[in-house]
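Novice: The file below is target26.txt, compact mmCIF, C-alpha atoms and all ligand atoms:
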# COMPACT_ATOMS: atom_id res chain seq x y z
CA MET K 40 55.77 92.53 119.39
CA TRP K 41 53.64 94.64 121.69
CA ILE K 42 51.46 97.45 120.42
CA LEU K 43 53.39 100.67 120.03
CA LYS K 44 51.83 104.04 119.31
CA THR K 45 53.39 104.97 116.01
CA MET K 46 57.05 104.05 116.09
CA LYS K 47 58.30 101.39 113.69
CA THR K 48 61.15 99.04 114.59
CA ILE K 49 63.50 97.36 112.14
CA ALA K 50 66.14 94.81 113.13
CA PHE K 51 69.27 93.94 111.14
CA ILE K 52 70.26 90.40 112.01
CA SER K 53 72.61 87.61 110.93
CA ASN K 54 74.40 84.78 112.63
CA LYS K 55 77.65 85.55 110.90
CA GLY K 56 79.96 88.45 111.73
CA GLY K 57 80.89 91.03 109.13
CA THR K 58 77.80 90.63 106.95
CA GLY K 59 77.00 94.34 107.23
CA LYS K 60 74.45 94.77 110.02
CA THR K 61 76.18 97.88 111.36
CA THR K 62 76.78 99.28 107.87
CA LEU K 63 73.08 98.89 107.08
CA SER K 64 72.02 100.28 110.46
CA VAL K 65 74.03 103.49 110.25
CA ASN K 66 73.33 104.15 106.58
CA MET K 67 69.59 103.63 107.03
CA ALA K 68 69.57 105.68 110.25
CA ALA K 69 71.35 108.64 108.64
CA THR K 70 69.00 108.46 105.65
CA ALA K 71 65.90 108.38 107.82
CA HIS K 72 67.23 111.21 109.96
CA ASN K 73 67.98 113.38 106.93
CA LEU K 74 64.44 112.77 105.64
CA GLY K 75 63.02 114.09 108.89
CA TYR K 76 62.20 110.86 110.75
CA GLN K 77 63.00 110.94 114.46
CA THR K 78 65.38 108.01 114.44
CA MET K 79 67.34 106.01 116.98
CA ILE K 80 69.74 103.11 116.65
CA GLY K 81 69.52 100.72 119.58
CA ASP K 82 72.95 99.08 119.59
CA LEU K 83 72.53 95.60 121.03
CA ASP K 84 76.04 94.51 120.09
CA PRO K 85 78.55 94.63 122.96
CA GLN K 86 81.15 95.71 120.38
CA ARG K 87 79.16 98.97 120.06
CA SER K 88 80.16 99.66 116.46
CA SER K 89 77.11 101.88 115.85
CA VAL K 90 77.91 103.84 119.00
CA ASP K 91 81.47 104.31 117.70
CA TRP K 92 80.10 105.51 114.36
CA ALA K 93 78.03 108.17 116.15
CA ARG K 94 81.04 109.28 118.20
CA GLY K 95 82.90 110.01 114.97
CA ARG K 96 80.02 112.08 113.61
CA GLU K 97 80.19 115.86 113.72
CA ALA K 98 76.96 116.52 111.82
CA ASP K 99 73.59 116.44 113.51
CA GLY K 100 72.33 112.87 113.32
CA PRO K 101 70.19 110.05 114.61
CA ALA K 102 70.37 109.12 118.28
CA VAL K 103 72.52 106.05 118.90
CA THR K 104 72.04 104.35 122.23
CA PRO K 105 73.69 101.23 123.65
CA PHE K 106 70.96 98.79 124.64
CA LYS K 107 72.08 96.55 127.50
CA ARG K 108 71.28 92.87 127.40
CA GLY K 109 67.72 92.44 128.67
CA SER K 110 66.77 96.09 128.24
CA LEU K 111 65.37 95.87 124.72
CA PHE K 112 61.66 95.89 125.50
CA PRO K 113 61.68 98.71 128.09
CA ALA K 114 64.04 100.73 125.88
CA GLN K 115 61.76 100.21 122.88
CA PHE K 116 58.74 101.25 124.91
CA ALA K 117 60.56 104.37 126.14
CA ALA K 118 61.63 105.29 122.60
CA ASP K 119 58.03 105.05 121.43
CA ARG K 120 56.82 107.17 124.34
CA ALA K 121 59.51 109.74 123.54
CA GLY K 122 57.91 110.21 120.10
CA LEU K 123 60.42 108.47 117.86
CA ASP K 124 59.34 107.45 114.37
CA LEU K 125 61.90 104.73 113.77
CA LEU K 126 63.99 102.44 115.96
CA ILE K 127 66.79 100.55 114.22
CA LEU K 128 68.21 97.54 116.06
CA ASP K 129 71.85 96.74 115.31
CA THR K 130 72.49 93.26 116.66
CA PRO K 131 75.50 91.08 117.50
CA SER K 132 76.60 88.16 115.34
CA ALA K 133 76.40 84.58 116.53
CA SER K 134 73.96 85.46 119.25
CA PRO K 135 70.76 83.71 118.21
CA GLU K 136 69.02 84.61 121.46
CA ILE K 137 69.48 88.37 120.98
CA SER K 138 68.72 88.12 117.25
CA LEU K 139 65.46 86.38 118.04
CA GLN K 140 64.55 88.93 120.71
CA ALA K 141 65.22 91.72 118.23
CA ALA K 142 63.21 89.98 115.51
CA LYS K 143 60.27 89.53 117.89
CA ALA K 144 60.42 93.21 118.86
CA ALA K 145 60.64 94.38 115.26
CA ASP K 146 58.00 95.19 112.67
CA LEU K 147 60.50 93.99 110.08
CA SER K 148 63.62 91.84 110.40
CA VAL K 149 66.29 92.17 107.75
CA LEU K 150 68.55 89.15 107.38
CA VAL K 151 71.80 90.49 106.02
CA SER K 152 73.99 88.17 103.99
CA ARG K 153 76.95 88.32 101.68
CA PRO K 154 76.68 86.16 98.57
CA THR K 155 79.01 83.47 99.87
CA VAL K 156 78.37 79.85 100.73
CA MET K 157 79.73 80.45 104.24
CA ASP K 158 77.19 83.21 104.89
CA LEU K 159 74.29 81.37 103.28
CA ARG K 160 74.92 78.29 105.42
CA THR K 161 74.72 80.26 108.65
CA MET K 162 71.28 81.61 107.72
CA THR K 163 69.36 78.38 107.77
CA ASP K 164 68.42 78.25 111.46
CA MET K 165 67.36 81.87 111.47
CA VAL K 166 65.28 81.44 108.33
CA THR K 167 63.53 78.41 109.82
CA THR K 168 62.79 80.28 113.08
CA LEU K 169 61.50 83.43 111.37
CA LYS K 170 59.27 81.34 109.12
CA SER K 171 57.89 79.20 111.91
CA LEU K 172 57.12 82.27 114.05
CA LYS K 173 55.69 84.07 111.00
CA LEU K 174 57.76 87.18 111.71
CA LYS K 175 57.81 89.72 108.90
CA SER K 176 61.25 89.52 107.35
CA VAL K 177 63.25 90.17 104.24
CA ILE K 178 66.66 88.94 103.10
CA LEU K 179 69.08 91.61 101.90
CA LEU K 180 72.35 91.00 100.10
CA ASN K 181 75.34 93.09 101.08
CA GLN K 182 78.83 93.28 99.58
CA ALA K 183 77.61 91.84 96.30
CA PRO K 184 80.20 92.15 93.53
CA SER K 185 79.22 94.74 90.91
CA GLN K 186 77.60 93.88 87.63
CA ARG K 187 79.92 93.67 84.62
CA ASN K 188 78.48 95.21 81.45
CA GLY K 189 75.04 95.01 83.02
CA ARG K 190 75.42 91.29 83.81
CA GLU K 191 75.07 89.90 87.29
CA PRO K 192 78.14 87.92 88.48
CA THR K 193 77.51 84.17 88.77
CA LEU K 194 78.21 84.32 92.50
CA VAL K 195 75.29 86.71 92.98
CA LYS K 196 72.93 84.79 90.69
CA GLU K 197 73.61 81.55 92.54
CA ALA K 198 73.18 83.23 95.92
CA ILE K 199 69.83 84.67 94.84
CA ASP K 200 68.63 81.24 93.71
CA ILE K 201 69.49 79.79 97.11
CA LEU K 202 67.95 82.73 99.00
CA ILE K 203 64.72 82.54 97.02
CA GLY K 204 64.60 78.84 97.81
CA PHE K 205 64.62 79.67 101.52
CA GLY K 206 61.05 80.87 101.09
CA LEU K 207 61.45 84.33 102.63
CA PRO K 208 61.13 87.50 100.55
CA VAL K 209 64.42 88.67 99.01
CA ALA K 210 64.86 92.42 98.55
CA PRO K 211 65.12 93.43 94.87
CA CYS K 212 67.99 95.76 95.77
CA CYS K 213 71.31 95.37 97.57
CA PHE K 214 74.53 97.03 98.62
CA ARG K 215 77.42 96.20 96.32
CA SER K 216 80.94 95.87 97.63
CA ARG K 217 82.16 99.48 97.61
CA THR K 218 84.91 101.33 99.43
CA ALA K 219 82.46 104.22 99.96
CA PHE K 220 80.71 102.12 102.62
CA GLN K 221 83.99 101.55 104.45
CA ALA K 222 85.33 105.11 104.19
CA SER K 223 82.14 106.81 105.36
CA ILE K 224 81.76 104.68 108.51
CA SER K 225 85.06 105.93 109.90
CA CYS K 226 83.87 109.56 109.55
CA GLY K 227 80.50 109.01 111.20
CA LEU K 228 78.72 109.60 107.90
CA SER K 229 76.56 107.58 105.57
CA ALA K 230 78.08 106.79 102.17
CA ALA K 231 75.43 109.06 100.63
CA GLU K 232 76.44 111.95 102.87
CA GLN K 233 80.12 111.57 102.08
CA PHE K 234 79.72 110.69 98.40
CA PRO K 235 76.47 112.25 97.17
CA GLY K 236 75.44 111.06 93.73
CA SER K 237 77.67 107.97 93.95
CA ALA K 238 76.63 104.41 93.17
CA ALA K 239 76.62 103.73 96.91
CA ALA K 240 74.26 106.67 97.44
CA ARG K 241 71.84 105.26 94.85
CA GLU K 242 71.95 101.87 96.53
CA ILE K 243 71.16 103.47 99.88
CA GLU K 244 68.21 105.27 98.33
CA ASP K 245 66.88 102.04 96.81
CA VAL K 246 67.32 99.97 99.96
CA TRP K 247 65.75 102.71 102.06
CA ALA K 248 62.76 102.96 99.68
CA HIS K 249 62.21 99.20 99.86
CA LEU K 250 62.49 98.95 103.65
CA ALA K 251 60.37 102.07 104.27
CA ASP K 252 57.72 100.57 102.03
CA GLN K 253 57.82 97.24 103.88
CA LEU K 254 57.52 99.11 107.18
CA ALA K 255 54.68 101.30 105.87
CA LEU K 256 56.44 104.32 107.33
CA ASN K 257 54.47 107.55 107.25
CA PRO K 258 55.07 108.64 103.64
CA SER K 259 54.22 112.28 104.33
CA LEU K 260 57.68 112.71 105.82
CA LYS K 261 59.36 111.60 102.64
CA THR K 262 60.99 114.53 100.90
CA GLN K 263 63.27 112.64 98.54
CA SER K 264 64.35 114.29 95.34
CA PRO K 265 63.32 112.50 92.16
CA LYS K 266 65.63 109.69 91.12
CA ILE K 267 68.06 110.48 88.36
CA GLU K 268 69.61 107.08 87.89
CA ARG K 269 68.81 103.64 89.21
CA SER K 270 71.25 101.50 91.12
CA GLU K 271 72.23 98.05 89.89
CA ARG K 272 69.02 96.22 90.74
CA LEU K 273 69.03 92.53 91.38
CA GLN K 274 67.08 91.91 88.16
CA SER K 275 67.69 88.22 88.41
CA ILE K 276 65.22 87.95 91.28
CA TRP K 277 62.42 88.60 88.86
CA TYR K 278 63.29 86.19 86.10
CA ARG K 279 65.18 83.31 87.62
CA PRO K 280 63.26 80.09 88.27
CA ARG K 281 61.88 79.74 91.77
CA MET K 282 63.94 76.77 92.80
CA GLN K 283 62.92 75.41 96.19
CA VAL K 284 65.82 74.65 98.51
CA ASP K 285 65.53 72.92 101.82
CA PRO K 286 67.34 75.28 104.25
CA GLN K 287 68.40 72.31 106.35
CA ALA K 288 70.14 70.74 103.35
CA LEU K 289 72.52 73.66 103.22
CA ALA K 290 73.31 73.40 106.89
CA GLY K 291 75.06 70.09 106.49
N1 LIG N 1 78.79 96.98 101.02
C1 LIG N 1 80.02 96.99 101.54
N2 LIG N 1 81.09 97.26 100.77
C2 LIG N 1 82.34 97.25 101.29
N3 LIG N 1 82.62 97.00 102.58
C3 LIG N 1 81.58 96.73 103.41
C4 LIG N 1 80.23 96.74 102.94
N4 LIG N 1 79.44 96.42 104.00
C5 LIG N 1 80.24 96.25 105.05
N5 LIG N 1 81.52 96.44 104.70
C6 LIG N 1 82.69 96.31 105.59
O1 LIG N 1 82.70 94.99 106.14
C7 LIG N 1 83.07 95.03 107.50
C8 LIG N 1 81.96 94.43 108.36
O2 LIG N 1 80.79 95.23 108.23
P1 LIG N 1 79.85 95.48 109.48
O3 LIG N 1 78.76 96.37 109.03
O4 LIG N 1 80.65 95.93 110.66
O5 LIG N 1 79.29 94.00 109.72
P2 LIG N 1 78.52 93.41 111.00
O6 LIG N 1 77.95 94.55 111.76
O7 LIG N 1 77.47 92.51 110.42
O8 LIG N 1 79.53 92.63 111.78
C9 LIG N 1 83.37 96.49 107.84
O9 LIG N 1 84.76 96.70 107.68
C10 LIG N 1 82.60 97.24 106.78
O10 LIG N 1 83.19 98.51 106.49
MG MG N 2 78.14 95.15 113.75
Since I need it in another form, could you write the structure as structure tokens?
Ligand SMILES: Nc1ncnc2c1ncn2[C@@H]1O[C@H](COP(=O)(O)OP(=O)(O)O)[C@@H](O)[C@H]1O
Ligand SMILES: [Mg+2]

Specialist:
Amino acid sequence: MWILKTMKTIAFISNKGGTGKTTLSVNMAATAHNLGYQTMIGDLDPQRSSVDWARGREADGPAVTPFKRGSLFPAQFAADRAGLDLLILDTPSASPEISLQAAKAADLSVLVSRPTVMDLRTMTDMVTTLKSLKLKSVILLNQAPSQRNGREPTLVKEAIDILIGFGLPVAPCCFRSRTAFQASISCGLSAAEQFPGSAAAREIEDVWAHLADQLALNPSLKTQSPKIERSERLQSIWYRPRMQVDPQALAG
């Protein structure tokens, strides 16, 4: 990463399609925008899902710009010069070269994964690369099934064990599988904008707080209202044994 003036860059990456990179990008971008951060999504995915989301948006919102292949670094430089606070990179799936470029450009890379064996297996190469290059990163679970009577589903507990074993930080919050995330995308809104006070809105607030903290974003811009209720935290991260897993073993 080259030295930027003040702008922070965050990249949502994964080798697998459908993990939630676009969902995270647009929900975080809308949140940042509504908090007063000058925000842009750089859409590196030729499918342009973030661009489509912005087209469907009537409300004032973050800038969403298609970034052509090879234009990431000049576009990032220009965004910084234009005075942006936050650049969010939405990346294509199964494009390790672009994912790596985005991760190198970013202050923080977020590896997005669903709690399924298929998703976890596709992460191993990326985890190894991020670790070997010492790029600041965090793993974030998306589409996790909800807790039942306050208990984490086995699928999620097992996924967390494996993710912790990868040796990269795992976010203590997640997005659960919720229709609010699907419905809001088609209207160009975040789930919090369309369903204020919902469980999805609380999850967005928690994930935003964690990522903003990791990015050390200027806290003076934060004007969040006090929390009323917590989302379903991934408590198991804090008490489950720190089993070490060889990422390559999962790849087989
Ligand atoms: N937390 C979630 N709950 C329910 N549906 C989700 C969630 N996250 C993503 N989806 C849905 O899964 C699909 C893929 O998500 P998307 O963000 O486009 O993934 P990616 O950008 O990684 O390919 C979309 O239909 C999206 O609405
Ligand atoms: Mg996408």

Novice: At a cut-off of 9 Å around ligand MG 2 (chain N), and using all atoms listed in the file, what residues come up? Please write them as a list of chain:residue names.

Specialist: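 Those within range of ligand MG 2 (chain N) are K:Gly56, K:Gly57, K:Thr58, K:Gly59, K:Lys60, K:Thr61, K:Thr62, K:Ser64, K:Asp82, K:Asp84, K:Gln86, K:Arg87, K:Ser88, K:Ser89, K:Asp129, K:Thr130, K:Pro131, K:Ser132.
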
Novice: How many Å lie between CA of Val156 (chain K) and CA of Ile127 (chain K), rounded to one decimal?

Specialist: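 Those two atoms sit 27.3 Å apart.
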
Novice: From the list K:Gln140, K:Ser237, K:Thr155, K:Ser229, which residue is nearest Asn66 (chain K) when using all atoms listed in the file?

Specialist: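 Looking at the shortest contact to Asn66 (chain K), the residue is K:Ser229.
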
Novice: Applying 7 Å and only C-alpha atoms, which residues near Thr78 (chain K) remain after dropping the ones on its own chain fewer than 2 positions away? List them as a JSON list (two decimals) with C-alpha atoms, keeping the file's coordinate frame.

Specialist:
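Dumped everything to part08.json:
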[["chain", "number", "residue", "atom", "x", "y", "z"],
["K", 68, "ALA", "CA", 69.57, 105.68, 110.25],
["K", 71, "ALA", "CA", 65.90, 108.38, 107.82],
["K", 72, "HIS", "CA", 67.23, 111.21, 109.96],
["K", 76, "TYR", "CA", 62.20, 110.86, 110.75],
["K", 80, "ILE", "CA", 69.74, 103.11, 116.65],
["K", 101, "PRO", "CA", 70.19, 110.05, 114.61],
["K", 102, "ALA", "CA", 70.37, 109.12, 118.28],
["K", 123, "LEU", "CA", 60.42, 108.47, 117.86],
["K", 124, "ASP", "CA", 59.34, 107.45, 114.37],
["K", 125, "LEU", "CA", 61.90, 104.73, 113.77],
["K", 126, "LEU", "CA", 63.99, 102.44, 115.96]]

Novice: My list of candidates is K:Ala231, K:Leu194, K:Leu139, K:Leu202. Which is closest to Asn73 (chain K) when distances are computed with only C-alpha atoms?

Specialist: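 Result for the nearest residue to Asn73 (chain K): K:Ala231.
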
Novice: Could you give me, as a PyMOL selection string, the residues within 10 Å of Gln253 (chain K), counting only C-alpha atoms and dropping anything in the same chain fewer than 6 positions from it?

Specialist: chain K and resi 146-147+175-177+247

Novice: Please compute the CA of Met67 (chain K)-CA of Thr193 (chain K) distance, one decimal, in Å.

Specialist: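 Pair CA of Met67 (chain K) / CA of Thr193 (chain K) returns 27.8 Å.
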
Novice: Looking at all atoms listed in the file, which of K:Arg241, K:Lys55, K:Arg108, K:Lys47 is the one that sits closest to ligand LIG 1 (chain N)?

Specialist: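 Distance minimum relative to ligand LIG 1 (chain N) lands on K:Lys55.
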
Novice: Taking (79.7, 94.4, 93.9) in the file's coordinates as the center, which residues reach within 12 Å of it, counting all atoms listed in the file, put as an MDAnalysis selection string?

Specialist: chainID K and resid 153:154 180:187 189:195 212:220 238:239 242 270:273

Novice: Which is closer to ligand LIG 1 (chain N) than all the others in K:Asp158, K:Asp200, K:Glu136, K:Asp119, using only C-alpha atoms and all ligand atoms?

Specialist: K:Asp158

Novice: Go through K:Gly236, K:Gly204, K:Pro211, K:Gly75 and flag the residue nearest Leu179 (chain K), using all atoms listed in the file for the distances.

Specialist: K:Pro211

Novice: Find the residue from K:Ala142, K:Val149, K:Met46, K:Ile52 that sits nearest to ligand LIG 1 (chain N); use only C-alpha atoms and all ligand atoms when measuring.

Specialist: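 Ranked by minimum distance to ligand LIG 1 (chain N), first place goes to K:Ile52.
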
Novice: Within 12 Å of Ala117 (chain K), counting all atoms listed in the file, which residues show up once you throw out same-chain ones fewer than 4 positions away? Write them as a list in words, please.

Specialist: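 Surrounding residues, per the criterion: Leu43, Lys44, Met46, Met79, Gly81, Phe106, Ser110, Leu111, Phe112, Pro113, Ala121, Gly122, Leu123 and Leu126 of chain K.
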
Novice: Residues at most 10 Å from Asn54 (chain K), counting all atoms listed in the file, excluding those fewer than 3 positions away in the same chain, as a PDB file with C-alpha atoms, keeping the file's coordinate frame?

Specialist:
ATOM      1  CA  GLY K  57      80.890  91.030 109.130  1.00  0.00           C
ATOM      2  CA  THR K  58      77.800  90.630 106.950  1.00  0.00           C
ATOM      3  CA  THR K 130      72.490  93.260 116.660  1.00  0.00           C
ATOM      4  CA  PRO K 131      75.500  91.080 117.500  1.00  0.00           C
ATOM      5  CA  SER K 132      76.600  88.160 115.340  1.00  0.00           C
ATOM      6  CA  ALA K 133      76.400  84.580 116.530  1.00  0.00           C
ATOM      7  CA  SER K 134      73.960  85.460 119.250  1.00  0.00           C
ATOM      8  CA  PRO K 135      70.760  83.710 118.210  1.00  0.00           C
ATOM      9  CA  SER K 138      68.720  88.120 117.250  1.00  0.00           C
ATOM     10  CA  LEU K 150      68.550  89.150 107.380  1.00  0.00           C
ATOM     11  CA  VAL K 151      71.800  90.490 106.020  1.00  0.00           C
ATOM     12  CA  SER K 152      73.990  88.170 103.990  1.00  0.00           C
ATOM     13  CA  ASP K 158      77.190  83.210 104.890  1.00  0.00           C
ATOM     14  CA  LEU K 159      74.290  81.370 103.280  1.00  0.00           C
ATOM     15  CA  ARG K 160      74.920  78.290 105.420  1.00  0.00           C
ATOM     16  CA  THR K 161      74.720  80.260 108.650  1.00  0.00           C
ATOM     17  CA  MET K 162      71.280  81.610 107.720  1.00  0.00           C
ATOM     18  CA  THR K 163      69.360  78.380 107.770  1.00  0.00           C
ATOM     19  CA  ASP K 164      68.420  78.250 111.460  1.00  0.00           C
ATOM     20  CA  MET K 165      67.360  81.870 111.470  1.00  0.00           C
TER      21      MET K 165
END

Novice: For the atom pair CA of Leu63 (chain K) and atom N1 of ligand LIG 1 (chain N), what is the interatomic distance in Å to one decimal place?

Specialist: 8.5 Å
